[in-house]
Amino acid sequence: MTLGTDSPAQARSTAPDRPDDFAGVHPDDLPDGLVIADETGTVVCFNAAASRITAVPGDRALGLPLDRALPLEDLKGSRWWPLTDPYGGLSTRRGQPERNLLLPGGREVLVSARYVRERPGGPVRRVVVSLRGTEARRRTERSHAELIATVAHELRSPLTSVKGFTKTLLDKWERFNDEQKRLMLETVDADAGRIKRLIAELLDISRIDSGRLEVRRQPVDLAAAVGRHIQVHTTAGQSPDRFFVRIRPQLPALWADPDKIDQILGNLLENAVRHGEGTVTIEVAPTTACGDGEEGTEVTVSDEGPGIPEESMSRVFTRFWRGSKRGGTGLGLYIVKGIVEAHGGTITVGRGPRGGAEFRFILPVGTPAHLI
């Protein structure tokens, strides 16, 4: 790699220091570190983000050879620039993909580079280096690791149960009467359903995170959907008196994904029943609180329990948040928020009129364009 020996004053004069040098964007406006070396390997641009990431003042870096201004090593401790040799390496190379490298002191940084040539196969005229800190990636990696650990933990219990009961039935089938067999098979069926729901949650989170959650809009009767979910809870042993439903008149026609609306209602009612106390109130009303005054439907689910502490409300819709120690993965409300927003709606949490938690989500009418 041929390195330049221009003086800092000469290099500084070639550095892009006017806002119009980059179509109105000054290098210091960029969120990522930007380092540019000219055809001699001399640093001619070292923006504010690069200084922050490397702890090297920009005025000190300007005019230095690239390998001195940005002394990088790979994770094995080898000096990076002699290995990559941007100026003297293969003439077909166009740059380096993003990778983890080390700054002096062992601090990790994400580095990618582009080799700018006047013509294919010609000499390198500029090396443009992008720098990013690893904190955001590490947070993402920790979040993914926590997700995997949580789901693995939640899967272990039902899988152990399924395996235990099926092995017992296979080994000792003749020893059990029909009622005992039915009880064990019902337990296996319930645990298999729990596994299916956990896998569905995992897939939903993956789609929400990647922005690929699909919404298949159909006409949805929200009042009927609420009634179905209440019936599920009363069939499971909850008293019908625990639920109070208020359906306001003149609800607009709602186009939404019926399965995903069921997910929203199922999660919110389950939370109210499991974590709340007293009467669970569900209200469905028309609203014009959507964007641009569009018609929509507002659904409120509240209970009479202790509610959610004020300091926790900002974290309710994040991954792994649990309102109590009464089980659950802590993923349900994160998924609910993703589904509501995929429909173009909003969801909020607050304190209900009787002190418990109150969740309110608003869905726009969502009429398909070909029906308007």
# chains A, B, ... in the order shown; residues from 1 in each chain; ligands from 1
$ residues_around --residues "region 203-219 of chain A" --least-positions-apart "3" --cutoff "6 Å" --atoms "only C-alpha atoms" --output "PyMOL selection string"
chain A and resi 200+254-257+338
$ write_last_selection --atoms "N, CA, C and O atoms" --output "PDB file, in the first residue's frame"
ATOM      1  N   ALA A 200     -45.667 -20.061  16.607  1.00  0.00           N
ATOM      2  CA  ALA A 200     -46.343 -18.978  15.883  1.00  0.00           C
ATOM      3  C   ALA A 200     -45.872 -17.614  16.379  1.00  0.00           C
ATOM      4  O   ALA A 200     -45.664 -16.692  15.590  1.00  0.00           O
ATOM      5  N   LEU A 254     -65.289  -2.583   9.055  1.00  0.00           N
ATOM      6  CA  LEU A 254     -63.850  -2.725   9.294  1.00  0.00           C
ATOM      7  C   LEU A 254     -63.279  -3.809   8.395  1.00  0.00           C
ATOM      8  O   LEU A 254     -63.784  -4.934   8.365  1.00  0.00           O
ATOM      9  N   TRP A 255     -62.213  -3.446   7.674  1.00  0.00           N
ATOM     10  CA  TRP A 255     -61.486  -4.417   6.859  1.00  0.00           C
ATOM     11  C   TRP A 255     -60.150  -4.681   7.545  1.00  0.00           C
ATOM     12  O   TRP A 255     -59.323  -3.787   7.685  1.00  0.00           O
ATOM     13  N   ALA A 256     -59.969  -5.919   7.982  1.00  0.00           N
ATOM     14  CA  ALA A 256     -58.747  -6.276   8.706  1.00  0.00           C
ATOM     15  C   ALA A 256     -58.492  -7.768   8.532  1.00  0.00           C
ATOM     16  O   ALA A 256     -59.275  -8.479   7.898  1.00  0.00           O
ATOM     17  N   ASP A 257     -57.402  -8.230   9.093  1.00  0.00           N
ATOM     18  CA  ASP A 257     -57.063  -9.654   9.031  1.00  0.00           C
ATOM     19  C   ASP A 257     -57.747 -10.345  10.213  1.00  0.00           C
ATOM     20  O   ASP A 257     -57.356 -10.110  11.368  1.00  0.00           O
ATOM     21  N   GLY A 338     -47.134  -4.853  17.110  1.00  0.00           N
ATOM     22  CA  GLY A 338     -46.723  -5.047  15.721  1.00  0.00           C
ATOM     23  C   GLY A 338     -47.900  -5.293  14.793  1.00  0.00           C
ATOM     24  O   GLY A 338     -47.944  -4.770  13.674  1.00  0.00           O
TER      25      GLY A 338
END
$ residues_around --residues "Phe244 (chain A)" --least-positions-apart "2" --cutoff "8 Å" --atoms "only C-alpha atoms" --output "PyMOL selection string"
chain A and resi 241-242+246+279-282
$ write_last_selection --atoms "N, CA, C and O atoms" --output "short mmCIF file (atom, residue, chain, number, x, y, z; two decimals), in the first residue's frame"
data_model
loop_
_atom_site.label_atom_id
_atom_site.label_comp_id
_atom_site.auth_asym_id
_atom_site.auth_seq_id
_atom_site.Cartn_x
_atom_site.Cartn_y
_atom_site.Cartn_z
N ASP A 241 -70.12 -13.24 34.67
CA ASP A 241 -70.29 -11.94 35.32
C ASP A 241 -68.98 -11.15 35.37
O ASP A 241 -68.98 -9.96 35.68
N ARG A 242 -67.87 -11.81 35.09
CA ARG A 242 -66.59 -11.10 35.16
C ARG A 242 -66.40 -10.20 33.95
O ARG A 242 -65.53 -9.31 33.96
N ARG A 246 -69.54 -3.44 26.09
CA ARG A 246 -70.34 -2.31 25.63
C ARG A 246 -70.01 -2.07 24.15
O ARG A 246 -68.87 -1.72 23.82
N THR A 279 -63.94 -6.92 37.39
CA THR A 279 -64.63 -6.97 36.10
C THR A 279 -63.70 -6.54 34.97
O THR A 279 -62.97 -5.55 35.09
N VAL A 280 -63.74 -7.29 33.88
CA VAL A 280 -63.01 -6.93 32.67
C VAL A 280 -64.00 -6.27 31.71
O VAL A 280 -65.00 -6.89 31.32
N THR A 281 -63.74 -5.01 31.39
CA THR A 281 -64.65 -4.24 30.54
C THR A 281 -64.07 -4.12 29.13
O THR A 281 -62.92 -3.74 28.97
N ILE A 282 -64.89 -4.49 28.15
CA ILE A 282 -64.49 -4.37 26.75
C ILE A 282 -65.48 -3.43 26.06
O ILE A 282 -66.68 -3.67 26.08
#
$ select_by_dssp --residues "region 37-123 of chain A" --states "helix (DSSP H, G or I)" --output "list in words"
Ala48, Ala49, Ala50, Ser51, Arg52, Ile53, Thr54, Gly58, Asp59, Arg60, Ala61, Leu66, Asp67, Arg68, Ala69, Trp80, Trp81, Pro82, Leu83 and Thr84 of chain A
$ write_last_selection --atoms "C-alpha atoms" --output "short mmCIF file (atom, residue, chain, number, x, y, z; two decimals), in the first residue's frame"
data_model
loop_
_atom_site.label_atom_id
_atom_site.label_comp_id
_atom_site.auth_asym_id
_atom_site.auth_seq_id
_atom_site.Cartn_x
_atom_site.Cartn_y
_atom_site.Cartn_z
CA ALA A 48 -17.12 14.04 13.48
CA ALA A 49 -18.63 10.56 13.84
CA ALA A 50 -15.28 8.99 12.91
CA SER A 51 -13.61 11.10 15.62
CA ARG A 52 -16.21 10.00 18.15
CA ILE A 53 -15.87 6.31 17.27
CA THR A 54 -12.07 6.25 17.15
CA GLY A 58 -10.26 15.03 13.03
CA ASP A 59 -7.61 17.74 12.67
CA ARG A 60 -4.99 15.28 13.86
CA ALA A 61 -6.09 12.58 11.40
CA LEU A 66 -4.60 5.99 6.18
CA ASP A 67 -3.00 3.19 8.20
CA ARG A 68 -1.74 5.70 10.80
CA ALA A 69 -4.97 7.69 11.06
CA TRP A 80 -5.52 -4.74 8.59
CA TRP A 81 -4.32 -2.37 5.88
CA PRO A 82 -1.24 -4.40 4.80
CA LEU A 83 -3.53 -7.44 4.53
CA THR A 84 -6.11 -5.73 2.33
#
$ select_by_dssp --residues "region 34-235 of chain A" --states "strand (DSSP E)" --output "ChimeraX atom specification"
/A:34-37,43-46,95-102,108-117,124-133,218-220
$ write_last_selection --atoms "N, CA and C atoms" --output "compact mmCIF listing (two decimals), in the first residue's frame"
# COMPACT_ATOMS: atom_id res chain seq x y z
N LEU A 34 -17.04 8.56 8.64
CA LEU A 34 -16.61 8.61 7.24
C LEU A 34 -15.14 9.03 7.20
N VAL A 35 -14.33 8.19 6.57
CA VAL A 35 -12.93 8.48 6.37
C VAL A 35 -12.63 8.31 4.89
N ILE A 36 -12.01 9.32 4.27
CA ILE A 36 -11.68 9.26 2.85
C ILE A 36 -10.18 9.51 2.69
N ALA A 37 -9.53 8.63 1.93
CA ALA A 37 -8.13 8.80 1.59
C ALA A 37 -8.01 9.00 0.08
N VAL A 43 -5.24 10.79 4.21
CA VAL A 43 -6.59 11.08 4.70
C VAL A 43 -6.96 12.52 4.38
N VAL A 44 -8.07 12.69 3.63
CA VAL A 44 -8.54 14.03 3.27
C VAL A 44 -9.89 14.36 3.89
N CYS A 45 -10.51 13.36 4.52
CA CYS A 45 -11.79 13.59 5.22
C CYS A 45 -11.86 12.67 6.42
N PHE A 46 -12.20 13.24 7.57
CA PHE A 46 -12.33 12.48 8.81
C PHE A 46 -13.45 13.15 9.59
N GLY A 95 -13.82 -3.12 -3.06
CA GLY A 95 -13.94 -2.69 -1.68
C GLY A 95 -13.88 -3.87 -0.73
N GLN A 96 -14.30 -3.63 0.51
CA GLN A 96 -14.33 -4.64 1.55
C GLN A 96 -15.70 -4.64 2.21
N PRO A 97 -16.32 -5.81 2.36
CA PRO A 97 -17.61 -5.86 3.06
C PRO A 97 -17.45 -5.53 4.54
N GLU A 98 -18.56 -5.21 5.17
CA GLU A 98 -18.50 -4.83 6.58
C GLU A 98 -18.03 -6.00 7.44
N ARG A 99 -17.14 -5.70 8.38
CA ARG A 99 -16.64 -6.73 9.28
C ARG A 99 -16.19 -6.08 10.59
N ASN A 100 -16.05 -6.91 11.61
CA ASN A 100 -15.57 -6.45 12.90
C ASN A 100 -14.05 -6.33 12.87
N LEU A 101 -13.53 -5.17 13.22
CA LEU A 101 -12.09 -4.97 13.36
C LEU A 101 -11.83 -4.30 14.71
N LEU A 102 -10.55 -4.22 15.06
CA LEU A 102 -10.17 -3.68 16.36
C LEU A 102 -9.39 -2.39 16.23
N GLU A 108 -13.88 -2.77 19.53
CA GLU A 108 -14.38 -3.26 18.25
C GLU A 108 -15.11 -2.16 17.49
N VAL A 109 -14.99 -2.22 16.16
CA VAL A 109 -15.69 -1.27 15.30
C VAL A 109 -16.06 -2.01 14.02
N LEU A 110 -17.20 -1.65 13.44
CA LEU A 110 -17.64 -2.24 12.17
C LEU A 110 -17.11 -1.37 11.03
N VAL A 111 -16.38 -2.00 10.12
CA VAL A 111 -15.69 -1.27 9.06
C VAL A 111 -16.08 -1.85 7.70
N SER A 112 -16.40 -0.97 6.76
CA SER A 112 -16.55 -1.36 5.36
C SER A 112 -15.83 -0.32 4.52
N ALA A 113 -15.40 -0.72 3.33
CA ALA A 113 -14.62 0.19 2.49
C ALA A 113 -15.02 0.05 1.03
N ARG A 114 -14.90 1.15 0.32
CA ARG A 114 -15.16 1.18 -1.12
C ARG A 114 -13.93 1.75 -1.81
N TYR A 115 -13.46 1.05 -2.85
CA TYR A 115 -12.32 1.51 -3.63
C TYR A 115 -12.86 2.19 -4.90
N VAL A 116 -12.62 3.48 -5.01
CA VAL A 116 -13.14 4.25 -6.15
C VAL A 116 -12.07 4.32 -7.23
N ARG A 117 -12.40 3.83 -8.43
CA ARG A 117 -11.47 3.85 -9.57
C ARG A 117 -12.09 4.67 -10.69
N VAL A 124 -6.61 3.00 -7.94
CA VAL A 124 -7.54 3.52 -6.93
C VAL A 124 -7.32 5.02 -6.77
N ARG A 125 -8.40 5.79 -6.92
CA ARG A 125 -8.32 7.23 -6.74
C ARG A 125 -8.73 7.67 -5.34
N ARG A 126 -9.63 6.92 -4.74
CA ARG A 126 -10.08 7.23 -3.37
C ARG A 126 -10.42 5.93 -2.67
N VAL A 127 -10.15 5.89 -1.40
CA VAL A 127 -10.65 4.81 -0.53
C VAL A 127 -11.63 5.46 0.45
N VAL A 128 -12.87 5.01 0.40
CA VAL A 128 -13.92 5.55 1.27
C VAL A 128 -14.25 4.50 2.32
N VAL A 129 -14.07 4.88 3.57
CA VAL A 129 -14.23 3.94 4.68
C VAL A 129 -15.41 4.38 5.54
N SER A 130 -16.27 3.43 5.86
CA SER A 130 -17.40 3.69 6.76
C SER A 130 -17.15 2.99 8.08
N LEU A 131 -17.40 3.71 9.17
CA LEU A 131 -17.20 3.17 10.52
C LEU A 131 -18.50 3.23 11.31
N ARG A 132 -18.76 2.15 12.00
CA ARG A 132 -19.93 2.15 12.89
C ARG A 132 -19.55 1.46 14.19
N GLY A 133 -20.12 1.96 15.29
CA GLY A 133 -19.92 1.30 16.57
C GLY A 133 -20.67 -0.02 16.61
N GLN A 218 -60.10 -8.56 5.27
CA GLN A 218 -61.45 -9.04 5.00
C GLN A 218 -62.40 -8.26 5.91
N PRO A 219 -63.69 -8.26 5.61
CA PRO A 219 -64.63 -7.64 6.55
C PRO A 219 -64.59 -8.37 7.90
N VAL A 220 -64.51 -7.61 8.98
CA VAL A 220 -64.41 -8.20 10.31
C VAL A 220 -65.52 -7.64 11.19
$ atom_distance --atom1 "CA of Arg354 (chain A)" --atom2 "CA of Pro306 (chain A)"
9.3 Å
$ closest_residue --among "A:Ala357, A:Ala342, A:Val188, A:Ala285" --to "Leu169 (chain A)" --atoms "only C-alpha atoms"
A:Val188
$ atom_distance --atom1 "CA of Leu183 (chain A)" --atom2 "CA of Glu154 (chain A)"
22.3 Å
$ closest_residue --among "A:Thr234, A:Thr287, A:Gly356, A:Arg228" --to "His275 (chain A)" --atoms "only C-alpha atoms"
A:Gly356
$ closest_residue --among "A:Thr288, A:Ser161, A:Gln250, A:Asn177" --to "Asp189 (chain A)" --atoms "only C-alpha atoms"
A:Ser161
$ residues_around --residues "Pro309 (chain A)" --least-positions-apart "3" --cutoff "10 Å" --atoms "only C-alpha atoms" --output "JSON, numbers by chain"
{"A": [306, 312, 313, 314, 323, 350, 351, 357]}
$ closest_residue --among "A:Gly278, A:Gly266, A:Gly305, A:Pro286" --to "Ile247 (chain A)" --atoms "only C-alpha atoms"
A:Pro286
$ closest_residue --among "A:Glu358, A:Pro123, A:Pro158, A:Arg107" --to "Glu135 (chain A)" --atoms "only C-alpha atoms"
A:Arg107
$ atom_distance --atom1 "CA of Lys337 (chain A)" --atom2 "CA of Val301 (chain A)"
14.4 Å
$ residues_around --residues "region 364-366 of chain A" --least-positions-apart "6" --cutoff "7 Å" --atoms "only C-alpha atoms" --output "list in words"
Pro252, Ala253, Leu254, Trp255, Ala256, Cys290, Glu294, Glu295, Gly296, Thr297, Gly344 and Gly345 of chain A
$ closest_residue --among "A:Pro258, A:Gly24, A:Pro104, A:Gly237" --to "Gly77 (chain A)" --atoms "only C-alpha atoms"
A:Pro104
$ decode --residues "region 95-123 of chain A" --atoms "N, CA and C atoms" --output "PDB file, in the first residue's frame"
ATOM      1  N   GLY A  95     -13.821  -3.118  -3.062  1.00  0.00           N
ATOM      2  CA  GLY A  95     -13.939  -2.695  -1.678  1.00  0.00           C
ATOM      3  C   GLY A  95     -13.884  -3.869  -0.733  1.00  0.00           C
ATOM      4  N   GLN A  96     -14.300  -3.626   0.506  1.00  0.00           N
ATOM      5  CA  GLN A  96     -14.326  -4.640   1.554  1.00  0.00           C
ATOM      6  C   GLN A  96     -15.704  -4.635   2.207  1.00  0.00           C
ATOM      7  N   PRO A  97     -16.321  -5.811   2.365  1.00  0.00           N
ATOM      8  CA  PRO A  97     -17.615  -5.856   3.057  1.00  0.00           C
ATOM      9  C   PRO A  97     -17.449  -5.532   4.535  1.00  0.00           C
ATOM     10  N   GLU A  98     -18.556  -5.208   5.169  1.00  0.00           N
ATOM     11  CA  GLU A  98     -18.501  -4.831   6.583  1.00  0.00           C
ATOM     12  C   GLU A  98     -18.031  -6.005   7.443  1.00  0.00           C
ATOM     13  N   ARG A  99     -17.138  -5.696   8.375  1.00  0.00           N
ATOM     14  CA  ARG A  99     -16.641  -6.725   9.282  1.00  0.00           C
ATOM     15  C   ARG A  99     -16.189  -6.085  10.588  1.00  0.00           C
ATOM     16  N   ASN A 100     -16.055  -6.915  11.607  1.00  0.00           N
ATOM     17  CA  ASN A 100     -15.566  -6.447  12.902  1.00  0.00           C
ATOM     18  C   ASN A 100     -14.048  -6.329  12.874  1.00  0.00           C
ATOM     19  N   LEU A 101     -13.533  -5.168  13.223  1.00  0.00           N
ATOM     20  CA  LEU A 101     -12.092  -4.966  13.363  1.00  0.00           C
ATOM     21  C   LEU A 101     -11.832  -4.301  14.713  1.00  0.00           C
ATOM     22  N   LEU A 102     -10.547  -4.216  15.059  1.00  0.00           N
ATOM     23  CA  LEU A 102     -10.175  -3.680  16.364  1.00  0.00           C
ATOM     24  C   LEU A 102      -9.393  -2.387  16.231  1.00  0.00           C
ATOM     25  N   LEU A 103      -9.770  -1.399  17.059  1.00  0.00           N
ATOM     26  CA  LEU A 103      -9.008  -0.170  17.193  1.00  0.00           C
ATOM     27  C   LEU A 103      -7.948  -0.370  18.272  1.00  0.00           C
ATOM     28  N   PRO A 104      -6.978   0.523  18.352  1.00  0.00           N
ATOM     29  CA  PRO A 104      -6.009   0.427  19.449  1.00  0.00           C
ATOM     30  C   PRO A 104      -6.724   0.380  20.798  1.00  0.00           C
ATOM     31  N   GLY A 105      -6.270  -0.525  21.654  1.00  0.00           N
ATOM     32  CA  GLY A 105      -6.941  -0.716  22.933  1.00  0.00           C
ATOM     33  C   GLY A 105      -7.930  -1.851  22.918  1.00  0.00           C
ATOM     34  N   GLY A 106      -8.165  -2.429  21.714  1.00  0.00           N
ATOM     35  CA  GLY A 106      -9.042  -3.591  21.616  1.00  0.00           C
ATOM     36  C   GLY A 106     -10.507  -3.286  21.425  1.00  0.00           C
ATOM     37  N   ARG A 107     -10.867  -2.007  21.199  1.00  0.00           N
ATOM     38  CA  ARG A 107     -12.273  -1.669  21.008  1.00  0.00           C
ATOM     39  C   ARG A 107     -12.723  -2.075  19.611  1.00  0.00           C
ATOM     40  N   GLU A 108     -13.881  -2.774  19.533  1.00  0.00           N
ATOM     41  CA  GLU A 108     -14.384  -3.264  18.248  1.00  0.00           C
ATOM     42  C   GLU A 108     -15.110  -2.160  17.494  1.00  0.00           C
ATOM     43  N   VAL A 109     -14.992  -2.219  16.161  1.00  0.00           N
ATOM     44  CA  VAL A 109     -15.690  -1.275  15.302  1.00  0.00           C
ATOM     45  C   VAL A 109     -16.065  -2.010  14.016  1.00  0.00           C
ATOM     46  N   LEU A 110     -17.201  -1.648  13.436  1.00  0.00           N
ATOM     47  CA  LEU A 110     -17.639  -2.240  12.174  1.00  0.00           C
ATOM     48  C   LEU A 110     -17.113  -1.374  11.033  1.00  0.00           C
ATOM     49  N   VAL A 111     -16.379  -2.004  10.121  1.00  0.00           N
ATOM     50  CA  VAL A 111     -15.693  -1.272   9.061  1.00  0.00           C
ATOM     51  C   VAL A 111     -16.080  -1.852   7.701  1.00  0.00           C
ATOM     52  N   SER A 112     -16.399  -0.966   6.764  1.00  0.00           N
ATOM     53  CA  SER A 112     -16.555  -1.361   5.364  1.00  0.00           C
ATOM     54  C   SER A 112     -15.828  -0.318   4.519  1.00  0.00           C
ATOM     55  N   ALA A 113     -15.404  -0.716   3.329  1.00  0.00           N
ATOM     56  CA  ALA A 113     -14.617   0.192   2.492  1.00  0.00           C
ATOM     57  C   ALA A 113     -15.023   0.052   1.034  1.00  0.00           C
ATOM     58  N   ARG A 114     -14.902   1.152   0.318  1.00  0.00           N
ATOM     59  CA  ARG A 114     -15.156   1.182  -1.124  1.00  0.00           C
ATOM     60  C   ARG A 114     -13.929   1.748  -1.813  1.00  0.00           C
ATOM     61  N   TYR A 115     -13.456   1.045  -2.854  1.00  0.00           N
ATOM     62  CA  TYR A 115     -12.323   1.515  -3.635  1.00  0.00           C
ATOM     63  C   TYR A 115     -12.857   2.193  -4.895  1.00  0.00           C
ATOM     64  N   VAL A 116     -12.619   3.480  -5.013  1.00  0.00           N
ATOM     65  CA  VAL A 116     -13.136   4.255  -6.146  1.00  0.00           C
ATOM     66  C   VAL A 116     -12.066   4.321  -7.230  1.00  0.00           C
ATOM     67  N   ARG A 117     -12.399   3.832  -8.429  1.00  0.00           N
ATOM     68  CA  ARG A 117     -11.475   3.849  -9.567  1.00  0.00           C
ATOM     69  C   ARG A 117     -12.093   4.673 -10.687  1.00  0.00           C
ATOM     70  N   GLU A 118     -11.272   5.352 -11.460  1.00  0.00           N
ATOM     71  CA  GLU A 118     -11.784   6.136 -12.585  1.00  0.00           C
ATOM     72  C   GLU A 118     -12.340   5.237 -13.674  1.00  0.00           C
ATOM     73  N   ARG A 119     -11.790   4.036 -13.797  1.00  0.00           N
ATOM     74  CA  ARG A 119     -12.263   3.084 -14.789  1.00  0.00           C
ATOM     75  C   ARG A 119     -12.056   1.684 -14.217  1.00  0.00           C
ATOM     76  N   PRO A 120     -12.812   0.691 -14.692  1.00  0.00           N
ATOM     77  CA  PRO A 120     -12.629  -0.674 -14.195  1.00  0.00           C
ATOM     78  C   PRO A 120     -11.190  -1.145 -14.407  1.00  0.00           C
ATOM     79  N   GLY A 121     -10.585  -1.646 -13.358  1.00  0.00           N
ATOM     80  CA  GLY A 121      -9.218  -2.128 -13.437  1.00  0.00           C
ATOM     81  C   GLY A 121      -8.163  -1.050 -13.312  1.00  0.00           C
ATOM     82  N   GLY A 122      -8.589   0.200 -13.251  1.00  0.00           N
ATOM     83  CA  GLY A 122      -7.651   1.308 -13.135  1.00  0.00           C
ATOM     84  C   GLY A 122      -7.159   1.479 -11.718  1.00  0.00           C
ATOM     85  N   PRO A 123      -6.251   2.423 -11.497  1.00  0.00           N
ATOM     86  CA  PRO A 123      -5.727   2.653 -10.144  1.00  0.00           C
ATOM     87  C   PRO A 123      -6.796   3.236  -9.222  1.00  0.00           C
TER      88      PRO A 123
END
